[in-house]
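Undergrad: query25.cif (mmCIF, N, CA and C atoms) pasted underneath:
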data_my_file
loop_
_atom_site.label_atom_id
_atom_site.label_comp_id
_atom_site.auth_asym_id
_atom_site.auth_seq_id
_atom_site.Cartn_x
_atom_site.Cartn_y
_atom_site.Cartn_z
N MET A 839 -92.83 41.29 6.49
CA MET A 839 -93.08 41.04 5.09
C MET A 839 -93.57 39.59 4.95
N PRO A 840 -94.65 39.37 4.19
CA PRO A 840 -95.17 38.01 4.05
C PRO A 840 -94.22 37.12 3.24
N VAL A 841 -94.27 35.85 3.54
CA VAL A 841 -93.52 34.84 2.80
C VAL A 841 -94.57 34.06 2.01
N ALA A 842 -94.45 34.07 0.68
CA ALA A 842 -95.48 33.50 -0.18
C ALA A 842 -95.13 32.08 -0.63
N PHE A 843 -96.13 31.23 -0.62
CA PHE A 843 -96.03 29.86 -1.11
C PHE A 843 -97.17 29.66 -2.11
N HIS A 844 -96.96 28.82 -3.11
CA HIS A 844 -98.02 28.57 -4.08
C HIS A 844 -97.98 27.11 -4.52
N ALA A 845 -99.09 26.67 -5.07
CA ALA A 845 -99.25 25.27 -5.46
C ALA A 845 -98.37 24.88 -6.63
N GLY A 846 -97.73 25.82 -7.29
CA GLY A 846 -96.80 25.51 -8.36
C GLY A 846 -95.42 25.10 -7.85
N GLN A 847 -95.22 25.19 -6.55
CA GLN A 847 -93.94 24.80 -5.95
C GLN A 847 -93.95 23.31 -5.61
N SER A 848 -92.78 22.70 -5.71
CA SER A 848 -92.65 21.29 -5.31
C SER A 848 -92.57 21.22 -3.78
N LEU A 849 -92.74 20.03 -3.26
CA LEU A 849 -92.64 19.83 -1.82
C LEU A 849 -91.26 20.26 -1.32
N ASN A 850 -90.23 19.90 -2.06
CA ASN A 850 -88.88 20.27 -1.69
C ASN A 850 -88.68 21.79 -1.74
N GLU A 851 -89.21 22.45 -2.76
CA GLU A 851 -89.09 23.91 -2.87
C GLU A 851 -89.77 24.60 -1.70
N ILE A 852 -90.91 24.09 -1.29
CA ILE A 852 -91.62 24.68 -0.15
C ILE A 852 -90.79 24.53 1.12
N GLN A 853 -90.22 23.38 1.34
CA GLN A 853 -89.39 23.17 2.53
C GLN A 853 -88.17 24.10 2.52
N GLN A 854 -87.53 24.23 1.39
CA GLN A 854 -86.35 25.09 1.29
C GLN A 854 -86.72 26.56 1.48
N HIS A 855 -87.82 26.97 0.84
CA HIS A 855 -88.27 28.36 0.96
C HIS A 855 -88.62 28.68 2.42
N PHE A 856 -89.28 27.76 3.09
CA PHE A 856 -89.64 27.94 4.49
C PHE A 856 -88.38 28.05 5.35
N SER A 857 -87.41 27.17 5.13
CA SER A 857 -86.17 27.19 5.90
C SER A 857 -85.36 28.46 5.67
N ASN A 858 -85.38 28.96 4.45
CA ASN A 858 -84.69 30.22 4.15
C ASN A 858 -85.34 31.40 4.89
N ALA A 859 -86.67 31.39 4.94
CA ALA A 859 -87.39 32.48 5.58
C ALA A 859 -87.32 32.39 7.11
N PHE A 860 -87.32 31.17 7.63
CA PHE A 860 -87.34 30.94 9.08
C PHE A 860 -86.25 29.92 9.43
N PRO A 861 -84.99 30.36 9.52
CA PRO A 861 -83.86 29.43 9.66
C PRO A 861 -83.87 28.55 10.91
N ASP A 862 -84.54 28.94 11.97
CA ASP A 862 -84.56 28.13 13.18
C ASP A 862 -85.75 27.17 13.21
N LEU A 863 -86.49 27.12 12.10
CA LEU A 863 -87.65 26.23 12.01
C LEU A 863 -87.50 25.31 10.81
N LYS A 864 -88.13 24.15 10.91
CA LYS A 864 -88.12 23.18 9.80
C LYS A 864 -89.53 22.70 9.57
N LEU A 865 -89.95 22.68 8.31
CA LEU A 865 -91.27 22.22 7.93
C LEU A 865 -91.14 20.82 7.34
N GLU A 866 -91.91 19.89 7.87
CA GLU A 866 -91.92 18.52 7.37
C GLU A 866 -93.35 18.15 7.00
N PHE A 867 -93.52 17.51 5.86
CA PHE A 867 -94.82 17.02 5.44
C PHE A 867 -95.10 15.70 6.14
N GLN A 868 -96.36 15.50 6.53
CA GLN A 868 -96.79 14.29 7.20
C GLN A 868 -97.81 13.60 6.31
N PHE A 869 -97.56 12.35 5.96
CA PHE A 869 -98.46 11.61 5.09
C PHE A 869 -99.00 10.39 5.83
N ARG A 870 -100.26 10.12 5.60
CA ARG A 870 -100.91 8.97 6.24
C ARG A 870 -101.01 7.78 5.28
N GLY A 871 -100.89 8.06 3.99
CA GLY A 871 -101.01 7.01 3.00
C GLY A 871 -102.36 6.93 2.34
N ASN A 872 -103.33 7.72 2.83
CA ASN A 872 -104.67 7.69 2.23
C ASN A 872 -105.04 9.03 1.58
N GLU A 873 -104.03 9.86 1.28
CA GLU A 873 -104.29 11.15 0.65
C GLU A 873 -104.79 10.93 -0.79
N PRO A 874 -105.70 11.81 -1.21
CA PRO A 874 -106.28 11.66 -2.56
C PRO A 874 -105.38 12.24 -3.65
N PHE A 875 -104.15 11.74 -3.76
CA PHE A 875 -103.21 12.27 -4.74
C PHE A 875 -103.55 11.81 -6.15
N CYS A 876 -103.21 12.65 -7.09
CA CYS A 876 -103.31 12.29 -8.50
C CYS A 876 -102.12 11.37 -8.79
N ARG A 877 -102.37 10.10 -8.96
CA ARG A 877 -101.30 9.11 -9.13
C ARG A 877 -100.49 9.34 -10.40
N ASP A 878 -101.08 9.94 -11.44
CA ASP A 878 -100.35 10.23 -12.68
C ASP A 878 -99.20 11.20 -12.42
N ALA A 879 -99.35 12.07 -11.46
CA ALA A 879 -98.30 13.06 -11.15
C ALA A 879 -97.04 12.40 -10.61
N LEU A 880 -97.20 11.21 -10.06
CA LEU A 880 -96.07 10.54 -9.44
C LEU A 880 -95.26 9.69 -10.40
N SER A 881 -95.80 9.40 -11.55
CA SER A 881 -95.12 8.46 -12.46
C SER A 881 -93.77 9.01 -12.93
N GLY A 882 -92.73 8.30 -12.54
CA GLY A 882 -91.38 8.63 -12.97
C GLY A 882 -90.74 9.82 -12.30
N LYS A 883 -91.36 10.38 -11.28
CA LYS A 883 -90.80 11.54 -10.61
C LYS A 883 -90.40 11.21 -9.18
N VAL A 884 -89.40 11.90 -8.71
CA VAL A 884 -89.05 11.81 -7.30
C VAL A 884 -90.15 12.54 -6.53
N PHE A 885 -90.67 11.91 -5.49
CA PHE A 885 -91.83 12.46 -4.78
C PHE A 885 -91.61 13.90 -4.32
N SER A 886 -90.44 14.20 -3.80
CA SER A 886 -90.19 15.55 -3.28
C SER A 886 -90.14 16.61 -4.37
N GLN A 887 -90.01 16.20 -5.63
CA GLN A 887 -89.96 17.14 -6.74
C GLN A 887 -91.33 17.40 -7.38
N VAL A 888 -92.34 16.68 -6.93
CA VAL A 888 -93.69 16.85 -7.47
C VAL A 888 -94.30 18.12 -6.90
N ARG A 889 -94.96 18.86 -7.74
CA ARG A 889 -95.61 20.11 -7.32
C ARG A 889 -96.96 19.82 -6.68
N ILE A 890 -97.34 20.66 -5.74
CA ILE A 890 -98.62 20.47 -5.04
C ILE A 890 -99.77 20.43 -6.04
N GLY A 891 -99.76 21.33 -7.01
CA GLY A 891 -100.83 21.37 -8.01
C GLY A 891 -100.90 20.12 -8.86
N GLU A 892 -99.79 19.38 -8.98
CA GLU A 892 -99.80 18.11 -9.71
C GLU A 892 -100.37 17.00 -8.83
N LEU A 893 -100.00 17.01 -7.56
CA LEU A 893 -100.50 15.99 -6.63
C LEU A 893 -101.99 16.16 -6.37
N LEU A 894 -102.39 17.41 -6.18
CA LEU A 894 -103.77 17.74 -5.84
C LEU A 894 -104.27 18.82 -6.81
N PRO A 895 -104.69 18.42 -8.02
CA PRO A 895 -105.07 19.40 -9.04
C PRO A 895 -106.14 20.40 -8.58
N GLU A 896 -107.01 19.99 -7.67
CA GLU A 896 -108.05 20.92 -7.18
C GLU A 896 -107.45 22.05 -6.35
N ARG A 897 -106.19 21.93 -5.95
CA ARG A 897 -105.51 22.97 -5.17
C ARG A 897 -104.55 23.80 -6.02
N SER A 898 -104.53 23.57 -7.34
CA SER A 898 -103.50 24.16 -8.20
C SER A 898 -103.50 25.69 -8.22
N GLY A 899 -104.59 26.33 -7.91
CA GLY A 899 -104.62 27.80 -7.91
C GLY A 899 -104.38 28.42 -6.55
N GLN A 900 -104.09 27.62 -5.56
CA GLN A 900 -103.97 28.12 -4.19
C GLN A 900 -102.63 28.81 -3.92
N ASN A 901 -102.70 29.84 -3.12
CA ASN A 901 -101.54 30.57 -2.63
C ASN A 901 -101.68 30.70 -1.12
N LEU A 902 -100.53 30.79 -0.46
CA LEU A 902 -100.53 30.94 0.99
C LEU A 902 -99.44 31.93 1.37
N ASP A 903 -99.83 32.99 2.04
CA ASP A 903 -98.88 33.99 2.52
C ASP A 903 -98.75 33.85 4.04
N LEU A 904 -97.53 33.70 4.50
CA LEU A 904 -97.27 33.57 5.93
C LEU A 904 -96.64 34.85 6.46
N GLU A 905 -97.09 35.26 7.62
CA GLU A 905 -96.52 36.41 8.32
C GLU A 905 -95.75 35.88 9.52
N ASP A 906 -94.68 36.57 9.89
CA ASP A 906 -93.89 36.08 11.02
C ASP A 906 -94.60 36.23 12.36
N THR A 907 -95.76 36.88 12.36
CA THR A 907 -96.56 37.01 13.58
C THR A 907 -97.50 35.82 13.77
N MET A 908 -97.59 34.94 12.78
CA MET A 908 -98.46 33.76 12.89
C MET A 908 -97.82 32.74 13.82
N THR A 909 -98.67 31.98 14.49
CA THR A 909 -98.15 30.93 15.36
C THR A 909 -97.87 29.67 14.54
N ILE A 910 -97.07 28.81 15.12
CA ILE A 910 -96.76 27.53 14.48
C ILE A 910 -98.04 26.74 14.25
N GLU A 911 -98.93 26.75 15.20
CA GLU A 911 -100.20 26.04 15.06
C GLU A 911 -101.02 26.60 13.89
N GLU A 912 -101.08 27.92 13.77
CA GLU A 912 -101.81 28.54 12.66
C GLU A 912 -101.25 28.10 11.32
N VAL A 913 -99.94 28.11 11.20
CA VAL A 913 -99.29 27.75 9.95
C VAL A 913 -99.58 26.29 9.60
N GLU A 914 -99.48 25.41 10.57
CA GLU A 914 -99.77 24.00 10.31
C GLU A 914 -101.20 23.83 9.82
N GLN A 915 -102.14 24.56 10.40
CA GLN A 915 -103.53 24.48 9.97
C GLN A 915 -103.74 25.08 8.58
N LEU A 916 -103.05 26.17 8.28
CA LEU A 916 -103.20 26.81 6.97
C LEU A 916 -102.69 25.93 5.83
N PHE A 917 -101.61 25.19 6.06
CA PHE A 917 -101.13 24.28 5.02
C PHE A 917 -102.18 23.22 4.70
N GLY A 918 -102.87 22.75 5.72
CA GLY A 918 -103.95 21.80 5.49
C GLY A 918 -105.12 22.43 4.76
N LYS A 919 -105.48 23.63 5.16
CA LYS A 919 -106.62 24.31 4.56
C LYS A 919 -106.37 24.68 3.09
N TYR A 920 -105.22 25.26 2.79
CA TYR A 920 -104.96 25.75 1.44
C TYR A 920 -104.38 24.71 0.49
N PHE A 921 -103.53 23.84 1.00
CA PHE A 921 -102.86 22.88 0.13
C PHE A 921 -103.31 21.43 0.35
N GLY A 922 -104.12 21.20 1.37
CA GLY A 922 -104.59 19.85 1.63
C GLY A 922 -103.51 18.91 2.12
N LEU A 923 -102.44 19.47 2.70
CA LEU A 923 -101.32 18.67 3.18
C LEU A 923 -101.06 18.96 4.65
N GLN A 924 -100.83 17.90 5.40
CA GLN A 924 -100.51 18.05 6.81
C GLN A 924 -99.02 18.32 6.94
N VAL A 925 -98.68 19.30 7.77
CA VAL A 925 -97.27 19.60 8.04
C VAL A 925 -97.05 19.67 9.54
N GLN A 926 -95.80 19.47 9.91
CA GLN A 926 -95.35 19.66 11.28
C GLN A 926 -94.18 20.62 11.21
N ILE A 927 -94.12 21.56 12.14
CA ILE A 927 -93.02 22.51 12.18
C ILE A 927 -92.21 22.24 13.44
N TYR A 928 -90.91 22.13 13.25
CA TYR A 928 -89.97 21.81 14.32
C TYR A 928 -89.08 23.01 14.59
N LEU A 929 -88.64 23.14 15.84
CA LEU A 929 -87.76 24.21 16.28
C LEU A 929 -86.37 23.66 16.55
N ARG A 930 -85.35 24.35 16.01
CA ARG A 930 -83.97 23.94 16.26
C ARG A 930 -83.54 24.47 17.63
N LYS A 931 -83.07 23.58 18.45
CA LYS A 931 -82.54 23.93 19.76
C LYS A 931 -81.24 23.19 19.91
N GLY A 932 -80.12 23.93 19.77
CA GLY A 932 -78.82 23.28 19.77
C GLY A 932 -78.70 22.42 18.53
N GLY A 933 -78.36 21.16 18.71
CA GLY A 933 -78.23 20.24 17.59
C GLY A 933 -79.47 19.38 17.35
N TYR A 934 -80.60 19.75 17.97
CA TYR A 934 -81.81 18.94 17.88
C TYR A 934 -82.95 19.71 17.27
N TRP A 935 -83.89 18.96 16.69
CA TRP A 935 -85.15 19.53 16.20
C TRP A 935 -86.24 19.11 17.16
N LEU A 936 -86.91 20.09 17.77
CA LEU A 936 -87.92 19.81 18.79
C LEU A 936 -89.33 19.99 18.24
N LYS A 937 -90.25 19.17 18.75
CA LYS A 937 -91.66 19.33 18.44
C LYS A 937 -92.44 18.88 19.66
N ASN A 938 -93.20 19.79 20.25
CA ASN A 938 -94.10 19.42 21.34
C ASN A 938 -95.23 20.43 21.37
N HIS A 939 -96.22 20.19 22.20
CA HIS A 939 -97.41 21.04 22.24
C HIS A 939 -97.09 22.46 22.69
N LEU A 940 -96.01 22.67 23.41
CA LEU A 940 -95.65 24.01 23.87
C LEU A 940 -95.20 24.91 22.73
N LEU A 941 -94.71 24.33 21.66
CA LEU A 941 -94.25 25.12 20.52
C LEU A 941 -95.40 25.71 19.71
N SER A 942 -96.56 25.13 19.81
CA SER A 942 -97.70 25.55 18.97
C SER A 942 -98.03 27.02 19.09
N SER A 943 -97.82 27.60 20.26
CA SER A 943 -98.19 29.00 20.47
C SER A 943 -97.07 29.98 20.11
N LEU A 944 -95.87 29.48 19.78
CA LEU A 944 -94.78 30.37 19.36
C LEU A 944 -95.07 30.93 17.97
N THR A 945 -94.63 32.15 17.74
CA THR A 945 -94.77 32.73 16.41
C THR A 945 -93.55 32.38 15.55
N LEU A 946 -93.68 32.60 14.27
CA LEU A 946 -92.59 32.34 13.34
C LEU A 946 -91.46 33.34 13.49
N SER A 947 -91.74 34.46 14.13
CA SER A 947 -90.76 35.52 14.30
C SER A 947 -89.54 35.02 15.07
N PRO A 948 -88.35 35.33 14.59
CA PRO A 948 -87.14 34.91 15.31
C PRO A 948 -87.08 35.43 16.74
N VAL A 949 -87.73 36.55 17.03
CA VAL A 949 -87.71 37.11 18.38
C VAL A 949 -88.34 36.13 19.36
N SER A 950 -89.41 35.44 18.96
CA SER A 950 -90.10 34.54 19.89
C SER A 950 -89.35 33.24 20.10
N LEU A 951 -88.34 32.97 19.29
CA LEU A 951 -87.60 31.72 19.39
C LEU A 951 -86.41 31.81 20.33
N GLN A 952 -86.14 32.97 20.85
CA GLN A 952 -84.96 33.16 21.70
C GLN A 952 -85.22 32.60 23.08
#
Before we go any further, please render this structure as structure tokens.

TA:
Amino acid sequence: MPVAFHAGQSLNEIQQHFSNAFPDLKLEFQFRGNEPFCRDALSGKVFSQVRIGELLPERSGQNLDLEDTMTIEEVEQLFGKYFGLQVQIYLRKGGYWLKNHLLSSLTLSPVSLQ
């Protein structure tokens, strides 16, 4: 079953929704500092509570459906393509969150994480 994300969600809501759908994975946003954000969206708000459509109004109508058969690399690329945001996905292994090039080919499916 697809897991749907949309530009009306805040950064925090997207992270929580992703974690609920894929408990052994964590999605983190990566910022360089030169993103073309709408600065008015940030006034007086906690950054993690700002919605993607407020930060990037040109992306406000975008939706993204993820399937558990998609690879981590595909998902990271799709977030950039649809929402204009770079993300990194980490795998929980014991008490640690791992990220390396070998994880890129794993699917979101819990079966591939065993």

Undergrad: I need the residue nearest A:Asp903 from this list: A:Val925, A:Leu940, A:Ile890, A:Ala845. Use only C-alpha atoms for the distance.

TA: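 Closest to A:Asp903 of all the choices is A:Ala845.
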
Undergrad: Report as an NGL selection string the full result of the PyMOL selection byres ((chain A and resi 905-911) around 8) when it is applied to this structure.

TA: :A and (839-842 or 902-904 or 912-917 or 926-927 or 941-948)

Undergrad: Take atom CA of A:Leu929 and atom C of A:Arg897 and report the distance between them in Å, one decimal.

TA: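 It comes out at 27.9 Å.
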
Undergrad: Mind working out the centre and edge lengths of an axis-aligned box for stretch 849-866 of chain A, all listed atoms inside, 4 Å added to each side, rounded to one decimal in Å and written as AutoDock Vina command-line options?

TA:
--center_x -88.6 --center_y 25.3 --center_z 5.0 --size_x 17.5 --size_y 22.3 --size_z 24.5

Undergrad: To one decimal in Å, tell me the separation between atom CA of A:His844 and atom CA of A:Gln924.

TA: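 Straight-line distance from atom CA of A:His844 to atom CA of A:Gln924 works out to 15.3 Å.
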
Undergrad: DSSP on the backbone: what in chain A comes out strand (DSSP E), as a PyMOL selection string?

TA: chain A and resi 841-844+863-868+901-904+924-931+934-936

Undergrad: Taking the file as shown, find all residues satisfying the PyMOL selection byres ((chain A and resi 865) around 7) and write them as a PDB file with N, CA and C atoms, in the frame of the given file.

TA:
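Resulting contents of result.pdb:
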ATOM      1  N   GLN A 853     -90.220  23.380   1.340  1.00  0.00           N
ATOM      2  CA  GLN A 853     -89.390  23.170   2.530  1.00  0.00           C
ATOM      3  C   GLN A 853     -88.170  24.100   2.520  1.00  0.00           C
ATOM      4  N   PHE A 856     -89.280  27.760   3.090  1.00  0.00           N
ATOM      5  CA  PHE A 856     -89.640  27.940   4.490  1.00  0.00           C
ATOM      6  C   PHE A 856     -88.380  28.050   5.350  1.00  0.00           C
ATOM      7  N   SER A 857     -87.410  27.170   5.130  1.00  0.00           N
ATOM      8  CA  SER A 857     -86.170  27.190   5.900  1.00  0.00           C
ATOM      9  C   SER A 857     -85.360  28.460   5.670  1.00  0.00           C
ATOM     10  N   LEU A 863     -86.490  27.120  12.100  1.00  0.00           N
ATOM     11  CA  LEU A 863     -87.650  26.230  12.010  1.00  0.00           C
ATOM     12  C   LEU A 863     -87.500  25.310  10.810  1.00  0.00           C
ATOM     13  N   LYS A 864     -88.130  24.150  10.910  1.00  0.00           N
ATOM     14  CA  LYS A 864     -88.120  23.180   9.800  1.00  0.00           C
ATOM     15  C   LYS A 864     -89.530  22.700   9.570  1.00  0.00           C
ATOM     16  N   GLU A 866     -91.910  19.890   7.870  1.00  0.00           N
ATOM     17  CA  GLU A 866     -91.920  18.520   7.370  1.00  0.00           C
ATOM     18  C   GLU A 866     -93.350  18.150   7.000  1.00  0.00           C
ATOM     19  N   PHE A 867     -93.520  17.510   5.860  1.00  0.00           N
ATOM     20  CA  PHE A 867     -94.820  17.020   5.440  1.00  0.00           C
ATOM     21  C   PHE A 867     -95.100  15.700   6.140  1.00  0.00           C
ATOM     22  N   VAL A 925     -98.680  19.300   7.770  1.00  0.00           N
ATOM     23  CA  VAL A 925     -97.270  19.600   8.040  1.00  0.00           C
ATOM     24  C   VAL A 925     -97.050  19.670   9.540  1.00  0.00           C
ATOM     25  N   GLN A 926     -95.800  19.470   9.910  1.00  0.00           N
ATOM     26  CA  GLN A 926     -95.350  19.660  11.280  1.00  0.00           C
ATOM     27  C   GLN A 926     -94.180  20.620  11.210  1.00  0.00           C
ATOM     28  N   ILE A 927     -94.120  21.560  12.140  1.00  0.00           N
ATOM     29  CA  ILE A 927     -93.020  22.510  12.180  1.00  0.00           C
ATOM     30  C   ILE A 927     -92.210  22.240  13.440  1.00  0.00           C
ATOM     31  N   TYR A 928     -90.910  22.130  13.250  1.00  0.00           N
ATOM     32  CA  TYR A 928     -89.970  21.810  14.320  1.00  0.00           C
ATOM     33  C   TYR A 928     -89.080  23.010  14.590  1.00  0.00           C
TER      34      TYR A 928
END

Undergrad: Using all atoms listed in the file, determine which residues lie at most 6.5 Å from A:Gly846, disregarding the query and same-chain residues fewer than 5 positions distant; provide the list as a list in words.

TA: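 Here the answer would be Arg889, Ile890, Gly891 and Ser898 of chain A.
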
Undergrad: Selection from above, N, CA and C atoms, as a PDB file, keeping the file's coordinate frame, can you write it?

TA:
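For reference, out-v4.pdb as written:
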ATOM      1  N   ARG A 889     -94.960  18.860  -7.740  1.00  0.00           N
ATOM      2  CA  ARG A 889     -95.610  20.110  -7.320  1.00  0.00           C
ATOM      3  C   ARG A 889     -96.960  19.820  -6.680  1.00  0.00           C
ATOM      4  N   ILE A 890     -97.340  20.660  -5.740  1.00  0.00           N
ATOM      5  CA  ILE A 890     -98.620  20.470  -5.040  1.00  0.00           C
ATOM      6  C   ILE A 890     -99.770  20.430  -6.040  1.00  0.00           C
ATOM      7  N   GLY A 891     -99.760  21.330  -7.010  1.00  0.00           N
ATOM      8  CA  GLY A 891    -100.830  21.370  -8.010  1.00  0.00           C
ATOM      9  C   GLY A 891    -100.900  20.120  -8.860  1.00  0.00           C
ATOM     10  N   SER A 898    -104.530  23.570  -7.340  1.00  0.00           N
ATOM     11  CA  SER A 898    -103.500  24.160  -8.200  1.00  0.00           C
ATOM     12  C   SER A 898    -103.500  25.690  -8.220  1.00  0.00           C
TER      13      SER A 898
END

Undergrad: With all atoms listed in the file as the atoms that count, which of A:Gly882, A:Leu936, A:Phe921, A:Leu849 lies nearest to A:Gln900?

TA: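 Under the stated criterion, the closest residue is A:Phe921.
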
Undergrad: Just the number, please: distance in Å from atom CA of A:Glu851 to atom C of A:Val884, one decimal.

TA: 12.0 Å

Undergrad: Mind listing the helix (DSSP H, G or I) residues of chain A, per DSSP on the backbone, as a PyMOL selection string?

TA: chain A and resi 849-859+877-880+885-887+890-893+895-897+910-921+939-943+948-951

Undergrad: Residues within 8 Å of A:Asp878, please, as number ranges by chain. Count all atoms listed in the file; anything in the same chain fewer than 4 positions from it doesn't count.

TA: A: 882-883, 892-893

Undergrad: Counting all atoms listed in the file, figure out which residue out of A:His855, A:Phe869, A:Gln847, A:Phe860 gets nearest to A:Val888.

TA: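 Smallest distance to A:Val888 is found for A:Gln847.
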